[in-house]
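*Asks:* PDB, C-alpha atoms, saved as model25.pdb, coming up:
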ATOM      1  CA  MET A   4      14.124 -29.500  -1.532
ATOM      2  CA  SER A   5      17.255 -29.198  -3.615
ATOM      3  CA  ALA A   6      18.757 -25.782  -4.304
ATOM      4  CA  LYS A   7      18.267 -26.301  -8.048
ATOM      5  CA  ARG A   8      14.573 -27.125  -7.660
ATOM      6  CA  ASN A   9      14.023 -24.179  -5.338
ATOM      7  CA  ARG A  10      15.761 -21.876  -7.832
ATOM      8  CA  LEU A  11      13.587 -23.192 -10.665
ATOM      9  CA  ARG A  12      10.340 -22.726  -8.750
ATOM     10  CA  THR A  13      11.196 -19.075  -8.109
ATOM     11  CA  THR A  14      12.513 -18.220 -11.594
ATOM     12  CA  PHE A  15       9.538 -16.156 -12.758
ATOM     13  CA  ASP A  16       9.246 -14.376  -9.412
ATOM     14  CA  ARG A  17      12.608 -12.710 -10.029
ATOM     15  CA  VAL A  18      11.298 -11.145 -13.259
ATOM     16  CA  ALA A  19       7.600 -10.794 -12.404
ATOM     17  CA  SER A  20       6.965  -7.461 -14.131
ATOM     18  CA  LEU A  21       8.780  -8.521 -17.292
ATOM     19  CA  TYR A  22       6.941 -11.853 -17.284
ATOM     20  CA  ASP A  23       3.602 -10.036 -17.003
ATOM     21  CA  GLU A  24       4.526  -7.658 -19.795
ATOM     22  CA  VAL A  25       5.736 -10.169 -22.401
ATOM     23  CA  ARG A  26       3.720 -13.318 -21.705
ATOM     24  CA  PRO A  27       0.902 -13.692 -24.242
ATOM     25  CA  GLY A  28      -2.609 -13.678 -22.848
ATOM     26  CA  TYR A  29      -5.389 -16.153 -23.438
ATOM     27  CA  PRO A  30      -8.375 -15.786 -25.794
ATOM     28  CA  GLU A  31     -11.597 -14.754 -24.025
ATOM     29  CA  GLU A  32     -13.393 -17.759 -25.526
ATOM     30  CA  LEU A  33     -11.186 -20.029 -23.443
ATOM     31  CA  PHE A  34     -12.600 -18.563 -20.235
ATOM     32  CA  ASP A  35     -16.155 -18.927 -21.536
ATOM     33  CA  ASP A  36     -15.389 -22.604 -22.199
ATOM     34  CA  VAL A  37     -13.899 -23.103 -18.705
ATOM     35  CA  VAL A  38     -16.995 -21.563 -17.130
ATOM     36  CA  SER A  39     -19.291 -23.689 -19.267
ATOM     37  CA  LEU A  40     -17.410 -26.951 -18.731
ATOM     38  CA  SER A  41     -16.784 -26.460 -15.008
ATOM     39  CA  GLY A  42     -20.371 -25.643 -14.157
ATOM     40  CA  ILE A  43     -19.314 -22.863 -11.792
ATOM     41  CA  PRO A  44     -22.425 -20.825 -11.039
ATOM     42  CA  ALA A  45     -22.638 -17.105 -11.800
ATOM     43  CA  GLY A  46     -21.014 -15.237  -8.925
ATOM     44  CA  GLY A  47     -19.376 -18.458  -7.679
ATOM     45  CA  ARG A  48     -15.968 -18.609  -6.045
ATOM     46  CA  ARG A  49     -12.690 -20.093  -7.295
ATOM     47  CA  LEU A  50      -9.494 -21.102  -5.572
ATOM     48  CA  GLU A  51      -6.526 -20.621  -7.869
ATOM     49  CA  ILE A  52      -3.216 -22.186  -6.945
ATOM     50  CA  GLY A  53      -0.239 -20.503  -8.584
ATOM     51  CA  CYS A  54      -1.939 -17.485 -10.146
ATOM     52  CA  GLY A  55       1.343 -15.926 -11.261
ATOM     53  CA  THR A  56       0.635 -12.340 -12.310
ATOM     54  CA  GLY A  57      -3.086 -13.007 -12.639
ATOM     55  CA  GLN A  58      -3.260 -13.253 -16.405
ATOM     56  CA  ALA A  59      -5.728 -16.128 -16.195
ATOM     57  CA  THR A  60      -7.321 -14.696 -13.043
ATOM     58  CA  VAL A  61      -8.432 -11.279 -14.288
ATOM     59  CA  PRO A  62     -10.829 -12.696 -16.919
ATOM     60  CA  PHE A  63     -12.639 -14.707 -14.231
ATOM     61  CA  ALA A  64     -12.758 -11.689 -11.913
ATOM     62  CA  ARG A  65     -14.092  -9.596 -14.800
ATOM     63  CA  ARG A  66     -16.904 -12.158 -15.135
ATOM     64  CA  GLY A  67     -17.849 -11.538 -11.489
ATOM     65  CA  TYR A  68     -16.345 -14.593  -9.817
ATOM     66  CA  GLY A  69     -14.890 -14.397  -6.339
ATOM     67  CA  ILE A  70     -11.330 -15.652  -6.417
ATOM     68  CA  LEU A  71      -8.849 -16.599  -3.753
ATOM     69  CA  CYS A  72      -5.350 -17.029  -5.181
ATOM     70  CA  VAL A  73      -2.362 -18.624  -3.505
ATOM     71  CA  GLU A  74       0.913 -17.610  -5.162
ATOM     72  CA  LEU A  75       4.364 -18.733  -4.005
ATOM     73  CA  GLY A  76       6.277 -15.745  -5.385
ATOM     74  CA  GLU A  77       6.033 -12.453  -3.527
ATOM     75  CA  ASN A  78       6.770 -10.404  -6.651
ATOM     76  CA  LEU A  79       4.312 -12.369  -8.787
ATOM     77  CA  ALA A  80       1.670 -11.945  -6.079
ATOM     78  CA  ALA A  81       2.310  -8.191  -5.950
ATOM     79  CA  VAL A  82       1.823  -7.882  -9.721
ATOM     80  CA  ALA A  83      -1.332 -10.016  -9.501
ATOM     81  CA  ARG A  84      -2.713  -7.781  -6.734
ATOM     82  CA  HIS A  85      -2.037  -4.747  -8.918
ATOM     83  CA  ASN A  86      -3.718  -6.391 -11.933
ATOM     84  CA  LEU A  87      -6.729  -7.321  -9.787
ATOM     85  CA  GLU A  88      -7.158  -3.944  -8.036
ATOM     86  CA  ALA A  89     -10.444  -3.262  -9.843
ATOM     87  CA  TYR A  90     -11.945  -6.513  -8.538
ATOM     88  CA  PRO A  91     -12.542  -6.449  -4.781
ATOM     89  CA  GLN A  92     -13.870 -10.019  -4.897
ATOM     90  CA  ALA A  93     -10.371 -11.259  -5.798
ATOM     91  CA  GLU A  94      -7.716 -11.830  -3.133
ATOM     92  CA  VAL A  95      -4.102 -12.923  -3.544
ATOM     93  CA  GLN A  96      -2.295 -14.583  -0.659
ATOM     94  CA  THR A  97       1.428 -15.280  -0.764
ATOM     95  CA  GLY A  98       2.786 -18.649   0.267
ATOM     96  CA  SER A  99       3.403 -22.246  -0.641
ATOM     97  CA  PHE A 100       0.161 -24.110  -1.278
ATOM     98  CA  GLY A 101       1.616 -27.103   0.547
ATOM     99  CA  GLU A 102       1.844 -25.010   3.695
ATOM    100  CA  TRP A 103      -1.242 -22.848   3.118
ATOM    101  CA  ARG A 104      -4.473 -23.547   4.959
ATOM    102  CA  LEU A 105      -7.966 -22.844   3.702
ATOM    103  CA  ARG A 106     -10.082 -20.774   6.050
ATOM    104  CA  GLU A 107     -12.706 -22.858   7.836
ATOM    105  CA  ALA A 108     -15.700 -21.144   6.178
ATOM    106  CA  GLU A 109     -14.220 -21.677   2.713
ATOM    107  CA  GLU A 110     -13.162 -25.229   3.505
ATOM    108  CA  ARG A 111     -16.764 -26.386   3.782
ATOM    109  CA  SER A 112     -17.719 -25.409   0.244
ATOM    110  CA  VAL A 113     -14.718 -26.117  -1.971
ATOM    111  CA  THR A 114     -14.660 -28.734  -4.693
ATOM    112  CA  GLU A 115     -11.623 -29.403  -6.853
ATOM    113  CA  ASP A 116     -11.396 -28.677 -10.552
ATOM    114  CA  ARG A 117      -8.564 -28.517 -13.081
ATOM    115  CA  SER A 118      -8.150 -25.306 -15.085
ATOM    116  CA  PRO A 119      -7.249 -26.029 -18.708
ATOM    117  CA  CYS A 120      -6.160 -22.436 -19.238
ATOM    118  CA  SER A 121      -3.241 -22.385 -16.841
ATOM    119  CA  GLY A 122      -2.524 -25.993 -16.015
ATOM    120  CA  THR A 123      -2.759 -25.164 -12.325
ATOM    121  CA  ASN A 124      -5.110 -26.691  -9.843
ATOM    122  CA  THR A 125      -8.157 -24.612  -9.161
ATOM    123  CA  ALA A 126     -11.124 -25.232  -6.966
ATOM    124  CA  THR A 127     -14.679 -24.093  -7.394
ATOM    125  CA  ALA A 128     -16.718 -23.188  -4.382
ATOM    126  CA  ALA A 129     -20.485 -23.283  -4.442
TER     127      ALA A 129
END
For the structure just supplied, provide its representation as structure tokens.
*Replies:*
Amino acid sequence: MSAKRNRLRTTFDRVASLYDEVRPGYPEELFDDVVSLSGIPAGGRRLEIGCGTGQATVPFARRGYGILCVELGENLAAVARHNLEAYPQAEVQTGSFGEWRLREAEERSVTEDRSPCSGTNTATAA
């Protein structure tokens, strides 16, 4: 990977707290629509790739979904963990998704989805 591309993919990680503070949130209705359109069952599990600071993760956790997040940036992941402290069913792992491996138990029940709220790949587990 080129130095420029690597620098670009870590840009927000260098200013994670500021990013979390100034980035506008999403309307709650958006999350209701994602739940409705995705068909994820109540209490279901989600895999979120690139959760950033968790701004689109917290609303799903608040709705009772189990969430496993994979975030490349260590600082972004730390802010996401802080933002998700009240939700023990949410976990944030740090690493590149390309190098990350799904645990065997989770691997059996994951189906892919596309989250319209963040533009990142997500997966829904039954």
*Asks:* What is the distance between atom CA of A:Pro44 and atom CA of A:Tyr68, in Å to one decimal?
*Replies:*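 Going from atom CA of A:Pro44 over to atom CA of A:Tyr68, I get 8.8 Å.
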*Asks:* Distance table requested - stretch 47-95 of chain A against stretch 26-29 of chain A, cut-off 10 Å, only C-alpha atoms: one row per qualifying residue with the closest atom pair and its distance in Å to one decimal, ordered by chain and rising residue number, as a Markdown table.
*Replies:*
| residue | atom | partner | partner_atom | distance |
| --- | --- | --- | --- | --- |
| A:Thr56 | CA | A:Arg26 | CA | 9.9 |
| A:Gln58 | CA | A:Gly28 | CA | 6.5 |
| A:Ala59 | CA | A:Tyr29 | CA | 7.3 |
| A:Pro62 | CA | A:Tyr29 | CA | 9.2 |
*Asks:* Would you mind telling me which residue in A:Gly76, A:Gly47, A:Pro30, A:Gly69 lies nearest to A:Ala93 when using only C-alpha atoms?
*Replies:*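 Smallest separation from A:Ala93 among the options: A:Gly69.
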*Asks:* For A:Arg66, work out the shell of residues within 9 Å, counting only C-alpha atoms and skipping chain neighbours fewer than 5 positions away, then give it as a PyMOL selection string.
*Replies:* chain A and resi 45-46+61
*Asks:* Store the residues of this selection in a file with C-alpha atoms, as a short mmCIF file (atom, residue, chain, number, x, y, z; two decimals), keeping the file's coordinate frame.
*Replies:*
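Output (result.cif):
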data_model
loop_
_atom_site.label_atom_id
_atom_site.label_comp_id
_atom_site.auth_asym_id
_atom_site.auth_seq_id
_atom_site.Cartn_x
_atom_site.Cartn_y
_atom_site.Cartn_z
CA ALA A 45 -22.64 -17.10 -11.80
CA GLY A 46 -21.01 -15.24 -8.93
CA VAL A 61 -8.43 -11.28 -14.29
#
*Asks:* Would you mind reading off the distance between atom CA of A:Gly57 and atom CA of A:Ala83, one decimal, in Å?
*Replies:* 4.7 Å
*Asks:* State, in Å with one decimal place, the distance from atom CA of A:Leu50 to atom CA of A:Arg8.
*Replies:* 24.9 Å
*Asks:* Spell out the residues picked by the PyMOL selection byres ((chain A and resi 74) around 7) here, as a list in words.
*Replies:*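 When the PyMOL selection byres ((chain A and resi 74) around 7) is applied, the selected residues are Ile52, Gly53, Cys54, Gly55, Cys72, Val73, Leu75, Gly76, Ala80, Gln96, Thr97, Gly98 and Ser99 of chain A.
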*Asks:* Would you mind telling me which residue in A:Phe34, A:Leu11, A:Thr60, A:Ile43 lies nearest to A:His85 when using only C-alpha atoms?
*Replies:*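 So, comparing all the options, the nearest one is A:Thr60.
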*Asks:* Missing atoms in stretch 40-64 of chain A need filling: write out N, CA and C atoms for it as a PDB file, in the coordinates of the input.
*Replies:*
ATOM      1  N   LEU A  40     -17.768 -25.574 -19.034  1.00  0.00           N
ATOM      2  CA  LEU A  40     -17.410 -26.951 -18.731  1.00  0.00           C
ATOM      3  C   LEU A  40     -17.325 -27.240 -17.237  1.00  0.00           C
ATOM      4  N   SER A  41     -16.943 -26.237 -16.446  1.00  0.00           N
ATOM      5  CA  SER A  41     -16.784 -26.460 -15.008  1.00  0.00           C
ATOM      6  C   SER A  41     -18.111 -26.432 -14.264  1.00  0.00           C
ATOM      7  N   GLY A  42     -19.085 -25.747 -14.833  1.00  0.00           N
ATOM      8  CA  GLY A  42     -20.371 -25.643 -14.157  1.00  0.00           C
ATOM      9  C   GLY A  42     -20.369 -24.667 -12.998  1.00  0.00           C
ATOM     10  N   ILE A  43     -19.348 -23.845 -12.876  1.00  0.00           N
ATOM     11  CA  ILE A  43     -19.314 -22.863 -11.792  1.00  0.00           C
ATOM     12  C   ILE A  43     -20.493 -21.896 -11.963  1.00  0.00           C
ATOM     13  N   PRO A  44     -21.264 -21.699 -10.912  1.00  0.00           N
ATOM     14  CA  PRO A  44     -22.425 -20.825 -11.039  1.00  0.00           C
ATOM     15  C   PRO A  44     -22.019 -19.353 -11.143  1.00  0.00           C
ATOM     16  N   ALA A  45     -22.882 -18.550 -11.727  1.00  0.00           N
ATOM     17  CA  ALA A  45     -22.638 -17.105 -11.800  1.00  0.00           C
ATOM     18  C   ALA A  45     -22.389 -16.584 -10.388  1.00  0.00           C
ATOM     19  N   GLY A  46     -21.351 -15.782 -10.236  1.00  0.00           N
ATOM     20  CA  GLY A  46     -21.014 -15.237  -8.925  1.00  0.00           C
ATOM     21  C   GLY A  46     -20.356 -16.240  -7.998  1.00  0.00           C
ATOM     22  N   GLY A  47     -20.017 -17.433  -8.502  1.00  0.00           N
ATOM     23  CA  GLY A  47     -19.376 -18.458  -7.679  1.00  0.00           C
ATOM     24  C   GLY A  47     -17.962 -18.050  -7.291  1.00  0.00           C
ATOM     25  N   ARG A  48     -17.324 -18.887  -6.508  1.00  0.00           N
ATOM     26  CA  ARG A  48     -15.968 -18.609  -6.045  1.00  0.00           C
ATOM     27  C   ARG A  48     -15.002 -19.648  -6.573  1.00  0.00           C
ATOM     28  N   ARG A  49     -13.747 -19.216  -6.790  1.00  0.00           N
ATOM     29  CA  ARG A  49     -12.690 -20.093  -7.295  1.00  0.00           C
ATOM     30  C   ARG A  49     -11.483 -19.989  -6.381  1.00  0.00           C
ATOM     31  N   LEU A  50     -10.788 -21.079  -6.237  1.00  0.00           N
ATOM     32  CA  LEU A  50      -9.494 -21.102  -5.572  1.00  0.00           C
ATOM     33  C   LEU A  50      -8.474 -21.368  -6.658  1.00  0.00           C
ATOM     34  N   GLU A  51      -7.542 -20.460  -6.830  1.00  0.00           N
ATOM     35  CA  GLU A  51      -6.526 -20.621  -7.869  1.00  0.00           C
ATOM     36  C   GLU A  51      -5.164 -20.777  -7.217  1.00  0.00           C
ATOM     37  N   ILE A  52      -4.516 -21.865  -7.525  1.00  0.00           N
ATOM     38  CA  ILE A  52      -3.216 -22.186  -6.945  1.00  0.00           C
ATOM     39  C   ILE A  52      -2.150 -21.865  -7.978  1.00  0.00           C
ATOM     40  N   GLY A  53      -1.276 -20.919  -7.651  1.00  0.00           N
ATOM     41  CA  GLY A  53      -0.239 -20.503  -8.584  1.00  0.00           C
ATOM     42  C   GLY A  53      -0.770 -19.555  -9.621  1.00  0.00           C
ATOM     43  N   CYS A  54      -1.316 -18.434  -9.205  1.00  0.00           N
ATOM     44  CA  CYS A  54      -1.939 -17.485 -10.146  1.00  0.00           C
ATOM     45  C   CYS A  54      -0.923 -16.667 -10.931  1.00  0.00           C
ATOM     46  N   GLY A  55       0.342 -16.735 -10.554  1.00  0.00           N
ATOM     47  CA  GLY A  55       1.343 -15.926 -11.261  1.00  0.00           C
ATOM     48  C   GLY A  55       0.994 -14.453 -11.154  1.00  0.00           C
ATOM     49  N   THR A  56       0.950 -13.775 -12.299  1.00  0.00           N
ATOM     50  CA  THR A  56       0.635 -12.340 -12.310  1.00  0.00           C
ATOM     51  C   THR A  56      -0.856 -12.083 -12.495  1.00  0.00           C
ATOM     52  N   GLY A  57      -1.636 -13.149 -12.536  1.00  0.00           N
ATOM     53  CA  GLY A  57      -3.086 -13.007 -12.639  1.00  0.00           C
ATOM     54  C   GLY A  57      -3.619 -12.972 -14.054  1.00  0.00           C
ATOM     55  N   GLN A  58      -2.805 -13.340 -15.020  1.00  0.00           N
ATOM     56  CA  GLN A  58      -3.260 -13.253 -16.405  1.00  0.00           C
ATOM     57  C   GLN A  58      -4.460 -14.148 -16.687  1.00  0.00           C
ATOM     58  N   ALA A  59      -4.556 -15.270 -16.028  1.00  0.00           N
ATOM     59  CA  ALA A  59      -5.728 -16.128 -16.195  1.00  0.00           C
ATOM     60  C   ALA A  59      -6.742 -15.891 -15.077  1.00  0.00           C
ATOM     61  N   THR A  60      -6.433 -14.992 -14.167  1.00  0.00           N
ATOM     62  CA  THR A  60      -7.321 -14.696 -13.043  1.00  0.00           C
ATOM     63  C   THR A  60      -8.233 -13.526 -13.365  1.00  0.00           C
ATOM     64  N   VAL A  61      -7.670 -12.494 -13.972  1.00  0.00           N
ATOM     65  CA  VAL A  61      -8.432 -11.279 -14.288  1.00  0.00           C
ATOM     66  C   VAL A  61      -9.684 -11.590 -15.116  1.00  0.00           C
ATOM     67  N   PRO A  62      -9.609 -12.423 -16.151  1.00  0.00           N
ATOM     68  CA  PRO A  62     -10.829 -12.696 -16.919  1.00  0.00           C
ATOM     69  C   PRO A  62     -11.953 -13.326 -16.094  1.00  0.00           C
ATOM     70  N   PHE A  63     -11.604 -14.147 -15.110  1.00  0.00           N
ATOM     71  CA  PHE A  63     -12.639 -14.707 -14.231  1.00  0.00           C
ATOM     72  C   PHE A  63     -13.182 -13.626 -13.296  1.00  0.00           C
ATOM     73  N   ALA A  64     -12.314 -12.786 -12.776  1.00  0.00           N
ATOM     74  CA  ALA A  64     -12.758 -11.689 -11.913  1.00  0.00           C
ATOM     75  C   ALA A  64     -13.659 -10.732 -12.695  1.00  0.00           C
TER      76      ALA A  64
END
